[in-house]
Amino acid sequence: MKNSETLKKDLDRIDGKSYRLYKELEGEYDFGDYVLCIDHVQGDPFAAPSRIRIVVNQNISKFPKEIFDNKNKNIAVSDYLTREFYLNINKCSQKVFGSGKSGLIAISKCPQEILERTSIIIDENKIEARFYVGFPARGRSVLSKELEKILYNVIPSIIEKTLLYKNINSEKLISRVRLVEDQEAIRTHLDSRGLVAFVANGSMLPRESGISSKALTLGKAFISPKELEVEFNTKSKGIIRGMGIKKGITLIVGGGYHGKSTLLRALELGVYNHIEGDGRELVITDGTALKVRAEDSRSITKTDISLFISNLPSGQGTTQFSTQNASGSTSQAASIIEGLESGAKVLLIDEDTSATNFMMRDDLMQRLVSKEKEPITPFIEIAGPLYKQKCISTIMVVGSSGDFFDIADCVVQLDNYRAMDVTKEAIDLSLGHITKRVSERALTINITFNRIIKAGTITQGDKGIKIKATCLSTLSINREDIDLRAVEQIVDNEQVNAIGLIMKWAEVNIMSKGLGFDKMVDNIFCKLNKDGLKSIDNLKGGSGNLAMPRRQEIMATYNRYRNLKV
């Protein structure tokens, strides 16, 4: 390993010369209290910035082992330090001259959700930060003195403020760890309490705007209806009370703009832990809960949608249904079946983003168009048997049809963001048409999953497998775009980065084993649980820009890949 003085001499030697000579700096350098690793140098000043790692021995950083000695606490510490590193970049940066991305320093920008990441990795031996630096240039010539400012002034200051325990706000860090422990404890106990979700009293669910994830400071705090109130005894906050949503079928009703979709959105994101101050940090949902919606034009590959759709006029079978251009109803049917294949125990549905003919058919339409002429069995007739036979719960926002009252176990009305339990009133108004239809049909649900993703789904070109994530909405594999706009529980583009690399790793290491799709994903998570997300990140040279996705989003991405081979 070289030392910091050698690096300074090399910088002086290449000053003013061709930018490509920066490549000679790749390697590890001992800076005394830490090691600087220049893992990859960008090809020119306008290319993606250079990859840098800082490794600090725990003898120096001195983070107490007890604050990161299990997985959830470790994730909380890493997330907290990533946010601190991000803030300290701005606090410590100096004016750096140059063209292109000269002087840029970047690390993961975390959203409100707390995710397992590869930006900061901490264990009992060391703490490691992975980030990016734009190496300065004048035109396409080396600007050594400007890079020297970054490597010898800016980065040491960031390290001092972020990676040494004595210099951080330990009270805030420990508070973050305790919050995550409380969140996970509540989520762990939902099942045994017969619940699928919990919304704490005092939660602030509305957001600043449609494009902001921050809490609306002047919004109305959530208060549970007394009939639905439950309590959890948490380690750090003591007794917490709020609305418990029981297993079964729960309807969220109310007038337009009264908070129905706001509550559902909070429940969608309740599969993740949130930072303090988000307002939804104690909105906790079953970790498998899946938002499903209609998704015109998506691809579907050999998915059994016969539970919902059969006897198509075209004669096309629906037990292994495939299309490159799904309708609203076929796409929503496929998304539900694929969700069950992914292990989802709760379906989250908003009437506004659903296919109307998939969700329901009223009694008048049933009289006009006979069952023999209608290939769709609407969700309203399936939801009850799905829970009773398969323990799949549904939380659904409805506003246009009282027929749903027939199947509801609980009805929550939102009135100007105030929640009320109106289950009794809804049942009294119920006409019983749907109950009668379900009884007459006597449906037996028999869902089996036997799809196998074939090797060769992701092909290697001359330059290997090219993966590129674009925001939250698109993953490109060898320039074939996978549209993820309807996969609404992805909250960070770094989750999309991770999914791409996971798919690349799986093609090489798992696909040839002939495993069922769900078993294949089990193998992926076996590796991730054993070796950590960093084992996938290292395929990309330790880029530090990965965040952990759920199995539901990994499988949803495969299912939307138009080149999928099953």
# chains A, B, ... in the order shown; residues from 1 in each chain; ligands from 1
call {"tool": "residues_around", "arguments": {"residues": "Ile249 in chain A", "least_positions_apart": "5", "cutoff": "10 Å", "atoms": "only C-alpha atoms", "output": "PyMOL selection string"}}
result
chain A and resi 346-347+383-384+386-387+392-396+404-405+407-411
call {"tool": "residues_around", "arguments": {"residues": "range 447-459 of chain A", "least_positions_apart": "4", "cutoff": "7 Å", "atoms": "only C-alpha atoms", "output": "list of chain:residue names"}}
result
A:Glu341, A:Ile465, A:Glu507, A:Met511, A:Ser512, A:Gly514, A:Leu515, A:Gly516, A:Phe517, A:Asn563, A:Leu564, A:Lys565, A:Val566
call {"tool": "write_last_selection", "arguments": {"atoms": "N, CA and C atoms", "output": "PDB file, in the first residue's frame"}}
result
ATOM      1  N   GLU A 341     -47.508 -14.804  -5.819  1.00  0.00           N
ATOM      2  CA  GLU A 341     -46.318 -15.620  -6.075  1.00  0.00           C
ATOM      3  C   GLU A 341     -45.111 -15.071  -5.325  1.00  0.00           C
ATOM      4  N   ILE A 465     -23.107  -7.703 -19.755  1.00  0.00           N
ATOM      5  CA  ILE A 465     -24.495  -7.297 -19.508  1.00  0.00           C
ATOM      6  C   ILE A 465     -24.495  -5.853 -19.046  1.00  0.00           C
ATOM      7  N   GLU A 507     -28.560 -14.359 -13.226  1.00  0.00           N
ATOM      8  CA  GLU A 507     -28.404 -14.989 -14.549  1.00  0.00           C
ATOM      9  C   GLU A 507     -27.164 -15.870 -14.585  1.00  0.00           C
ATOM     10  N   MET A 511     -29.771 -19.133 -12.576  1.00  0.00           N
ATOM     11  CA  MET A 511     -30.746 -19.468 -13.611  1.00  0.00           C
ATOM     12  C   MET A 511     -30.637 -20.905 -14.117  1.00  0.00           C
ATOM     13  N   SER A 512     -29.443 -21.411 -14.189  1.00  0.00           N
ATOM     14  CA  SER A 512     -29.237 -22.742 -14.762  1.00  0.00           C
ATOM     15  C   SER A 512     -29.679 -23.868 -13.833  1.00  0.00           C
ATOM     16  N   GLY A 514     -32.680 -24.430 -12.696  1.00  0.00           N
ATOM     17  CA  GLY A 514     -34.037 -24.883 -12.958  1.00  0.00           C
ATOM     18  C   GLY A 514     -34.985 -24.727 -11.786  1.00  0.00           C
ATOM     19  N   LEU A 515     -34.754 -23.737 -10.948  1.00  0.00           N
ATOM     20  CA  LEU A 515     -35.606 -23.510  -9.776  1.00  0.00           C
ATOM     21  C   LEU A 515     -36.879 -22.778 -10.160  1.00  0.00           C
ATOM     22  N   GLY A 516     -37.961 -23.026  -9.409  1.00  0.00           N
ATOM     23  CA  GLY A 516     -39.158 -22.218  -9.573  1.00  0.00           C
ATOM     24  C   GLY A 516     -38.836 -20.762  -9.271  1.00  0.00           C
ATOM     25  N   PHE A 517     -39.627 -19.864  -9.839  1.00  0.00           N
ATOM     26  CA  PHE A 517     -39.366 -18.426  -9.706  1.00  0.00           C
ATOM     27  C   PHE A 517     -39.240 -18.022  -8.242  1.00  0.00           C
ATOM     28  N   ASN A 563     -38.296  -9.435 -22.405  1.00  0.00           N
ATOM     29  CA  ASN A 563     -37.503 -10.559 -22.904  1.00  0.00           C
ATOM     30  C   ASN A 563     -37.525 -11.766 -21.956  1.00  0.00           C
ATOM     31  N   LEU A 564     -38.404 -11.713 -20.949  1.00  0.00           N
ATOM     32  CA  LEU A 564     -38.459 -12.782 -19.959  1.00  0.00           C
ATOM     33  C   LEU A 564     -38.741 -14.125 -20.629  1.00  0.00           C
ATOM     34  N   LYS A 565     -37.953 -15.113 -20.259  1.00  0.00           N
ATOM     35  CA  LYS A 565     -38.138 -16.466 -20.799  1.00  0.00           C
ATOM     36  C   LYS A 565     -38.581 -17.381 -19.651  1.00  0.00           C
ATOM     37  N   VAL A 566     -39.754 -17.970 -19.805  1.00  0.00           N
ATOM     38  CA  VAL A 566     -40.336 -18.840 -18.770  1.00  0.00           C
ATOM     39  C   VAL A 566     -40.608 -20.220 -19.358  1.00  0.00           C
TER      40      VAL A 566
END
call {"tool": "select_by_dssp", "arguments": {"residues": "range 411-457 of chain A", "states": "strand (DSSP E or B)", "output": "ChimeraX atom specification"}}
result
/A:411-415,418-421
call {"tool": "select_by_dssp", "arguments": {"residues": "range 84-151 of chain A", "states": "alpha helix (DSSP H)", "output": "NGL selection string"}}
result
:A and (84-92 or 144-149)
call {"tool": "residues_around", "arguments": {"residues": "Lys62 in chain A", "least_positions_apart": "5", "cutoff": "12 Å", "atoms": "only C-alpha atoms", "output": "PDB file with N, CA and C atoms, in the first residue's frame"}}
result
ATOM      1  N   ASP A  33      -4.769   7.813   9.801  1.00  0.00           N
ATOM      2  CA  ASP A  33      -5.992   7.461  10.520  1.00  0.00           C
ATOM      3  C   ASP A  33      -6.996   6.721   9.637  1.00  0.00           C
ATOM      4  N   VAL A  56     -11.923   3.381   7.704  1.00  0.00           N
ATOM      5  CA  VAL A  56     -11.411   3.802   9.007  1.00  0.00           C
ATOM      6  C   VAL A  56     -11.502   2.621   9.964  1.00  0.00           C
ATOM      7  N   ASN A  57     -10.388   2.272  10.577  1.00  0.00           N
ATOM      8  CA  ASN A  57     -10.373   1.183  11.552  1.00  0.00           C
ATOM      9  C   ASN A  57     -11.179   1.580  12.780  1.00  0.00           C
ATOM     10  N   ILE A  67     -24.342  -0.523  19.420  1.00  0.00           N
ATOM     11  CA  ILE A  67     -25.332   0.240  18.650  1.00  0.00           C
ATOM     12  C   ILE A  67     -25.501  -0.302  17.231  1.00  0.00           C
ATOM     13  N   ILE A 122     -20.554  -0.704   8.090  1.00  0.00           N
ATOM     14  CA  ILE A 122     -19.915  -0.692   9.408  1.00  0.00           C
ATOM     15  C   ILE A 122     -19.942  -2.098  10.002  1.00  0.00           C
ATOM     16  N   ASP A 123     -18.822  -2.498  10.580  1.00  0.00           N
ATOM     17  CA  ASP A 123     -18.759  -3.755  11.335  1.00  0.00           C
ATOM     18  C   ASP A 123     -17.804  -3.554  12.504  1.00  0.00           C
ATOM     19  N   GLU A 124     -17.519  -4.623  13.219  1.00  0.00           N
ATOM     20  CA  GLU A 124     -16.721  -4.474  14.438  1.00  0.00           C
ATOM     21  C   GLU A 124     -15.263  -4.124  14.155  1.00  0.00           C
ATOM     22  N   ASN A 125     -14.819  -4.275  12.902  1.00  0.00           N
ATOM     23  CA  ASN A 125     -13.423  -3.994  12.554  1.00  0.00           C
ATOM     24  C   ASN A 125     -13.197  -2.629  11.923  1.00  0.00           C
ATOM     25  N   LYS A 126     -14.185  -2.176  11.139  1.00  0.00           N
ATOM     26  CA  LYS A 126     -13.958  -0.947  10.376  1.00  0.00           C
ATOM     27  C   LYS A 126     -15.277  -0.276  10.014  1.00  0.00           C
ATOM     28  N   ILE A 127     -15.160   0.946   9.546  1.00  0.00           N
ATOM     29  CA  ILE A 127     -16.285   1.649   8.936  1.00  0.00           C
ATOM     30  C   ILE A 127     -15.797   2.141   7.580  1.00  0.00           C
ATOM     31  N   LEU A 163     -17.246  10.172  10.476  1.00  0.00           N
ATOM     32  CA  LEU A 163     -16.847   8.791  10.722  1.00  0.00           C
ATOM     33  C   LEU A 163     -16.116   8.577  12.040  1.00  0.00           C
ATOM     34  N   LEU A 164     -16.015   9.611  12.857  1.00  0.00           N
ATOM     35  CA  LEU A 164     -15.446   9.470  14.196  1.00  0.00           C
ATOM     36  C   LEU A 164     -16.556   9.667  15.218  1.00  0.00           C
ATOM     37  N   TYR A 165     -16.776   8.657  16.032  1.00  0.00           N
ATOM     38  CA  TYR A 165     -17.923   8.665  16.938  1.00  0.00           C
ATOM     39  C   TYR A 165     -17.902   9.865  17.882  1.00  0.00           C
ATOM     40  N   LYS A 166     -16.732  10.292  18.292  1.00  0.00           N
ATOM     41  CA  LYS A 166     -16.632  11.387  19.255  1.00  0.00           C
ATOM     42  C   LYS A 166     -17.151  12.709  18.696  1.00  0.00           C
ATOM     43  N   ASN A 167     -17.219  12.819  17.354  1.00  0.00           N
ATOM     44  CA  ASN A 167     -17.594  14.094  16.735  1.00  0.00           C
ATOM     45  C   ASN A 167     -19.030  14.149  16.239  1.00  0.00           C
ATOM     46  N   ILE A 168     -19.756  13.041  16.318  1.00  0.00           N
ATOM     47  CA  ILE A 168     -21.137  13.071  15.837  1.00  0.00           C
ATOM     48  C   ILE A 168     -22.080  13.279  17.018  1.00  0.00           C
ATOM     49  N   SER A 170     -24.171  11.766  19.133  1.00  0.00           N
ATOM     50  CA  SER A 170     -24.453  10.383  19.519  1.00  0.00           C
ATOM     51  C   SER A 170     -25.880  10.227  20.037  1.00  0.00           C
TER      52      SER A 170
END
call {"tool": "closest_atom_pairs", "arguments": {"of": "range 342-431 of chain A", "to": "range 304-324 of chain A", "cutoff": "8 Å", "atoms": "only C-alpha atoms", "output": "JSON lines"}}
result
{"residue": "A:Pro375", "atom": "CA", "partner": "A:Ser310", "partner_atom": "CA", "distance": 5.2}
{"residue": "A:Ile376", "atom": "CA", "partner": "A:Ile309", "partner_atom": "CA", "distance": 4.6}
{"residue": "A:Thr377", "atom": "CA", "partner": "A:Phe308", "partner_atom": "CA", "distance": 4.9}
{"residue": "A:Pro378", "atom": "CA", "partner": "A:Phe308", "partner_atom": "CA", "distance": 6.6}
{"residue": "A:Phe379", "atom": "CA", "partner": "A:Phe308", "partner_atom": "CA", "distance": 7.3}
{"residue": "A:Ile382", "atom": "CA", "partner": "A:Phe308", "partner_atom": "CA", "distance": 7.9}
call {"tool": "write_last_selection", "arguments": {"atoms": "all heavy atoms", "output": "compact mmCIF listing (two decimals), in the first residue's frame"}}
result
# COMPACT_ATOMS: atom_id res chain seq x y z
N PRO A 375 -66.17 -12.81 -19.48
CA PRO A 375 -65.00 -13.62 -19.10
C PRO A 375 -64.35 -13.21 -17.78
O PRO A 375 -63.52 -13.94 -17.25
CB PRO A 375 -64.03 -13.41 -20.27
CG PRO A 375 -64.41 -12.09 -20.85
CD PRO A 375 -65.89 -11.95 -20.65
N ILE A 376 -64.71 -12.04 -17.24
CA ILE A 376 -64.06 -11.53 -16.04
C ILE A 376 -64.90 -11.85 -14.81
O ILE A 376 -66.09 -11.53 -14.75
CB ILE A 376 -63.84 -10.01 -16.12
CG1 ILE A 376 -62.98 -9.64 -17.32
CG2 ILE A 376 -63.20 -9.49 -14.83
CD1 ILE A 376 -62.85 -8.14 -17.56
N THR A 377 -64.27 -12.50 -13.83
CA THR A 377 -64.87 -12.60 -12.50
C THR A 377 -64.30 -11.45 -11.69
O THR A 377 -63.10 -11.42 -11.39
CB THR A 377 -64.50 -13.93 -11.82
OG1 THR A 377 -64.96 -15.01 -12.64
CG2 THR A 377 -65.15 -14.02 -10.45
N PRO A 378 -65.11 -10.46 -11.33
CA PRO A 378 -64.56 -9.24 -10.72
C PRO A 378 -63.96 -9.49 -9.35
O PRO A 378 -64.37 -10.41 -8.62
CB PRO A 378 -65.76 -8.30 -10.66
CG PRO A 378 -66.95 -9.19 -10.70
CD PRO A 378 -66.57 -10.38 -11.51
N PHE A 379 -63.02 -8.64 -9.00
CA PHE A 379 -62.31 -8.77 -7.73
C PHE A 379 -63.27 -8.76 -6.55
O PHE A 379 -63.03 -9.43 -5.54
CB PHE A 379 -61.28 -7.64 -7.60
CG PHE A 379 -60.45 -7.74 -6.35
CD1 PHE A 379 -59.41 -8.64 -6.26
CD2 PHE A 379 -60.72 -6.93 -5.25
CE1 PHE A 379 -58.65 -8.75 -5.10
CE2 PHE A 379 -59.96 -7.02 -4.09
CZ PHE A 379 -58.93 -7.94 -4.03
N ILE A 382 -63.99 -12.11 -5.57
CA ILE A 382 -62.83 -12.96 -5.26
C ILE A 382 -62.22 -12.62 -3.90
O ILE A 382 -61.68 -13.47 -3.21
CB ILE A 382 -61.74 -12.81 -6.34
CG1 ILE A 382 -62.30 -13.18 -7.72
CG2 ILE A 382 -60.50 -13.63 -6.01
CD1 ILE A 382 -62.57 -14.66 -7.89
call {"tool": "residues_around", "arguments": {"residues": "Arg485 in chain A", "least_positions_apart": "6", "cutoff": "9 Å", "atoms": "only C-alpha atoms", "output": "ChimeraX atom specification"}}
result
/A:472-474
call {"tool": "write_last_selection", "arguments": {"atoms": "all heavy atoms", "output": "PDB file, in the first residue's frame"}}
result
ATOM      1  N   LEU A 472     -36.688   6.323 -10.607  1.00  0.00           N
ATOM      2  CA  LEU A 472     -37.434   5.209 -10.033  1.00  0.00           C
ATOM      3  C   LEU A 472     -38.167   4.422 -11.098  1.00  0.00           C
ATOM      4  O   LEU A 472     -38.678   3.332 -10.821  1.00  0.00           O
ATOM      5  CB  LEU A 472     -38.482   5.727  -9.030  1.00  0.00           C
ATOM      6  CG  LEU A 472     -38.026   6.614  -7.877  1.00  0.00           C
ATOM      7  CD1 LEU A 472     -39.233   7.004  -7.026  1.00  0.00           C
ATOM      8  CD2 LEU A 472     -37.000   5.900  -7.018  1.00  0.00           C
ATOM      9  N   SER A 473     -38.227   4.947 -12.301  1.00  0.00           N
ATOM     10  CA  SER A 473     -39.213   4.461 -13.261  1.00  0.00           C
ATOM     11  C   SER A 473     -38.701   3.476 -14.301  1.00  0.00           C
ATOM     12  O   SER A 473     -39.502   2.775 -14.912  1.00  0.00           O
ATOM     13  CB  SER A 473     -39.838   5.650 -13.994  1.00  0.00           C
ATOM     14  OG  SER A 473     -38.831   6.366 -14.708  1.00  0.00           O
ATOM     15  N   THR A 474     -37.397   3.397 -14.501  1.00  0.00           N
ATOM     16  CA  THR A 474     -36.905   2.587 -15.614  1.00  0.00           C
ATOM     17  C   THR A 474     -35.607   1.880 -15.255  1.00  0.00           C
ATOM     18  O   THR A 474     -34.681   2.482 -14.723  1.00  0.00           O
ATOM     19  CB  THR A 474     -36.647   3.461 -16.865  1.00  0.00           C
ATOM     20  OG1 THR A 474     -37.810   4.227 -17.154  1.00  0.00           O
ATOM     21  CG2 THR A 474     -36.319   2.590 -18.074  1.00  0.00           C
TER      22      THR A 474
END
call {"tool": "residues_around", "arguments": {"residues": "Arg298 in chain A", "least_positions_apart": "3", "cutoff": "7 Å", "atoms": "only C-alpha atoms", "output": "number ranges by chain"}}
result
A: 295, 324-326, 331, 560
call {"tool": "write_last_selection", "arguments": {"atoms": "N, CA and C atoms", "output": "mmCIF file, in the first residue's frame"}}
result
data_model
loop_
_atom_site.group_PDB
_atom_site.id
_atom_site.type_symbol
_atom_site.label_atom_id
_atom_site.label_comp_id
_atom_site.auth_asym_id
_atom_site.auth_seq_id
_atom_site.Cartn_x
_atom_site.Cartn_y
_atom_site.Cartn_z
ATOM 1 N N GLU A 295 -52.482 -1.507 -15.347
ATOM 2 C CA GLU A 295 -51.217 -1.082 -15.967
ATOM 3 C C GLU A 295 -51.267 -1.407 -17.458
ATOM 4 N N GLN A 324 -47.832 -8.900 -24.876
ATOM 5 C CA GLN A 324 -46.905 -7.770 -24.832
ATOM 6 C C GLN A 324 -47.648 -6.455 -24.658
ATOM 7 N N ASN A 325 -48.991 -6.531 -24.580
ATOM 8 C CA ASN A 325 -49.779 -5.305 -24.539
ATOM 9 C C ASN A 325 -51.040 -5.542 -23.712
ATOM 10 N N ALA A 326 -50.871 -5.659 -22.399
ATOM 11 C CA ALA A 326 -51.988 -6.017 -21.523
ATOM 12 C C ALA A 326 -53.026 -4.908 -21.449
ATOM 13 N N SER A 331 -53.893 -6.792 -16.874
ATOM 14 C CA SER A 331 -52.694 -6.364 -16.144
ATOM 15 C C SER A 331 -52.917 -6.408 -14.637
ATOM 16 N N ARG A 560 -42.054 -7.657 -15.625
ATOM 17 C CA ARG A 560 -42.275 -6.607 -16.617
ATOM 18 C C ARG A 560 -41.201 -6.585 -17.705
#
call {"tool": "residues_around", "arguments": {"residues": "Ile54 in chain A", "least_positions_apart": "2", "cutoff": "10 Å", "atoms": "only C-alpha atoms", "output": "list of chain:residue names"}}
result
A:Glu28, A:Tyr29, A:Phe31, A:Tyr34, A:Val35, A:Leu36, A:Cys37, A:Ile38, A:Ile52, A:Val56, A:Ile120, A:Ile127, A:Glu128, A:Ala129, A:Arg130, A:Phe131, A:Ile155, A:Pro156, A:Ile159, A:Leu163
call {"tool": "closest_residue", "arguments": {"among": "A:Thr162, A:Asn59, A:Ser102, A:Thr250", "to": "Asp421 in chain A", "atoms": "only C-alpha atoms"}}
result
A:Thr250
call {"tool": "residues_around", "arguments": {"residues": "range 363-366 of chain A", "least_positions_apart": "2", "cutoff": "12 Å", "atoms": "only C-alpha atoms", "output": "list in words"}}
result
Asn357, Met360, Arg361, Leu368, Val369, Ser370, Lys371, Glu372, Lys373, Glu374, Ile376, Thr377, Pro378, Ser401, Gly402, Asp403, Leu431, Gly432, His433, Ile434, Thr435, Lys436 and Arg437 of chain A
call {"tool": "closest_residue", "arguments": {"among": "A:Leu81, A:Val96, A:Ile223, A:Val180", "to": "Arg138 in chain A", "atoms": "only C-alpha atoms"}}
result
A:Val96
call {"tool": "closest_residue", "arguments": {"among": "A:Gly464, A:Asp362, A:Asp44, A:Thr423", "to": "Val142 in chain A", "atoms": "only C-alpha atoms"}}
result
A:Asp44
call {"tool": "decode", "arguments": {"residues": "range 14-23 of chain A", "atoms": "all heavy atoms", "output": "mmCIF file, in the first residue's frame"}}
result
data_model
loop_
_atom_site.group_PDB
_atom_site.id
_atom_site.type_symbol
_atom_site.label_atom_id
_atom_site.label_comp_id
_atom_site.auth_asym_id
_atom_site.auth_seq_id
_atom_site.Cartn_x
_atom_site.Cartn_y
_atom_site.Cartn_z
ATOM 1 N N ILE A 14 1.796 14.663 -12.563
ATOM 2 C CA ILE A 14 0.891 14.639 -13.718
ATOM 3 C C ILE A 14 0.156 15.966 -13.918
ATOM 4 O O ILE A 14 -0.649 16.096 -14.839
ATOM 5 C CB ILE A 14 -0.135 13.503 -13.587
ATOM 6 C CG1 ILE A 14 -1.059 13.731 -12.380
ATOM 7 C CG2 ILE A 14 0.561 12.142 -13.485
ATOM 8 C CD1 ILE A 14 -2.186 12.694 -12.266
ATOM 9 N N ASP A 15 0.449 16.976 -13.088
ATOM 10 C CA ASP A 15 -0.257 18.250 -13.185
ATOM 11 C C ASP A 15 -0.122 18.847 -14.586
ATOM 12 O O ASP A 15 0.981 18.949 -15.136
ATOM 13 C CB ASP A 15 0.277 19.237 -12.145
ATOM 14 C CG ASP A 15 -0.586 20.480 -12.049
ATOM 15 O OD1 ASP A 15 -1.807 20.359 -12.237
ATOM 16 O OD2 ASP A 15 -0.030 21.568 -11.786
ATOM 17 N N GLY A 16 -1.251 19.237 -15.173
ATOM 18 C CA GLY A 16 -1.269 19.862 -16.483
ATOM 19 C C GLY A 16 -1.162 18.902 -17.643
ATOM 20 O O GLY A 16 -1.276 19.316 -18.799
ATOM 21 N N LYS A 17 -0.981 17.627 -17.362
ATOM 22 C CA LYS A 17 -0.840 16.637 -18.441
ATOM 23 C C LYS A 17 -2.208 16.053 -18.808
ATOM 24 O O LYS A 17 -3.244 16.469 -18.304
ATOM 25 C CB LYS A 17 0.146 15.552 -18.013
ATOM 26 C CG LYS A 17 1.553 16.092 -17.797
ATOM 27 C CD LYS A 17 2.518 14.991 -17.390
ATOM 28 C CE LYS A 17 3.924 15.563 -17.162
ATOM 29 N NZ LYS A 17 4.868 14.512 -16.716
ATOM 30 N N SER A 18 -2.183 15.076 -19.692
ATOM 31 C CA SER A 18 -3.421 14.481 -20.194
ATOM 32 C C SER A 18 -4.265 13.910 -19.062
ATOM 33 O O SER A 18 -3.750 13.261 -18.138
ATOM 34 C CB SER A 18 -3.096 13.370 -21.195
ATOM 35 O OG SER A 18 -4.262 12.657 -21.533
ATOM 36 N N TYR A 19 -5.594 14.110 -19.164
ATOM 37 C CA TYR A 19 -6.518 13.678 -18.125
ATOM 38 C C TYR A 19 -6.427 12.174 -17.883
ATOM 39 O O TYR A 19 -6.634 11.693 -16.763
ATOM 40 C CB TYR A 19 -7.951 14.058 -18.522
ATOM 41 C CG TYR A 19 -8.960 13.953 -17.400
ATOM 42 C CD1 TYR A 19 -9.201 15.030 -16.558
ATOM 43 C CD2 TYR A 19 -9.668 12.776 -17.182
ATOM 44 C CE1 TYR A 19 -10.125 14.940 -15.524
ATOM 45 C CE2 TYR A 19 -10.595 12.674 -16.147
ATOM 46 C CZ TYR A 19 -10.821 13.761 -15.323
ATOM 47 O OH TYR A 19 -11.730 13.663 -14.296
ATOM 48 N N ARG A 20 -6.089 11.428 -18.929
ATOM 49 C CA ARG A 20 -6.054 9.964 -18.777
ATOM 50 C C ARG A 20 -4.990 9.512 -17.775
ATOM 51 O O ARG A 20 -5.058 8.394 -17.249
ATOM 52 C CB ARG A 20 -5.825 9.292 -20.129
ATOM 53 C CG ARG A 20 -4.502 9.642 -20.778
ATOM 54 C CD ARG A 20 -4.360 8.983 -22.151
ATOM 55 N NE ARG A 20 -3.129 9.397 -22.812
ATOM 56 C CZ ARG A 20 -1.938 8.868 -22.561
ATOM 57 N NH1 ARG A 20 -1.815 7.890 -21.669
ATOM 58 N NH2 ARG A 20 -0.862 9.299 -23.199
ATOM 59 N N LEU A 21 -4.030 10.387 -17.454
ATOM 60 C CA LEU A 21 -2.994 10.013 -16.490
ATOM 61 C C LEU A 21 -3.536 9.916 -15.059
ATOM 62 O O LEU A 21 -2.892 9.321 -14.190
ATOM 63 C CB LEU A 21 -1.828 11.008 -16.537
ATOM 64 C CG LEU A 21 -0.985 10.969 -17.825
ATOM 65 C CD1 LEU A 21 0.117 12.014 -17.769
ATOM 66 C CD2 LEU A 21 -0.381 9.584 -18.034
ATOM 67 N N TYR A 22 -4.715 10.487 -14.824
ATOM 68 C CA TYR A 22 -5.362 10.283 -13.530
ATOM 69 C C TYR A 22 -5.524 8.794 -13.226
ATOM 70 O O TYR A 22 -5.548 8.382 -12.063
ATOM 71 C CB TYR A 22 -6.734 10.944 -13.517
ATOM 72 C CG TYR A 22 -6.785 12.373 -13.003
ATOM 73 C CD1 TYR A 22 -7.601 13.321 -13.621
ATOM 74 C CD2 TYR A 22 -6.073 12.762 -11.867
ATOM 75 C CE1 TYR A 22 -7.693 14.626 -13.143
ATOM 76 C CE2 TYR A 22 -6.159 14.063 -11.379
ATOM 77 C CZ TYR A 22 -6.963 14.994 -12.033
ATOM 78 O OH TYR A 22 -7.055 16.284 -11.538
ATOM 79 N N LYS A 23 -5.670 7.988 -14.270
ATOM 80 C CA LYS A 23 -5.859 6.536 -14.094
ATOM 81 C C LYS A 23 -4.714 5.920 -13.292
ATOM 82 O O LYS A 23 -4.895 4.918 -12.599
ATOM 83 C CB LYS A 23 -5.943 5.848 -15.461
ATOM 84 C CG LYS A 23 -7.269 6.009 -16.181
ATOM 85 C CD LYS A 23 -8.283 5.006 -15.628
ATOM 86 C CE LYS A 23 -9.578 5.043 -16.419
ATOM 87 N NZ LYS A 23 -10.598 4.137 -15.817
#
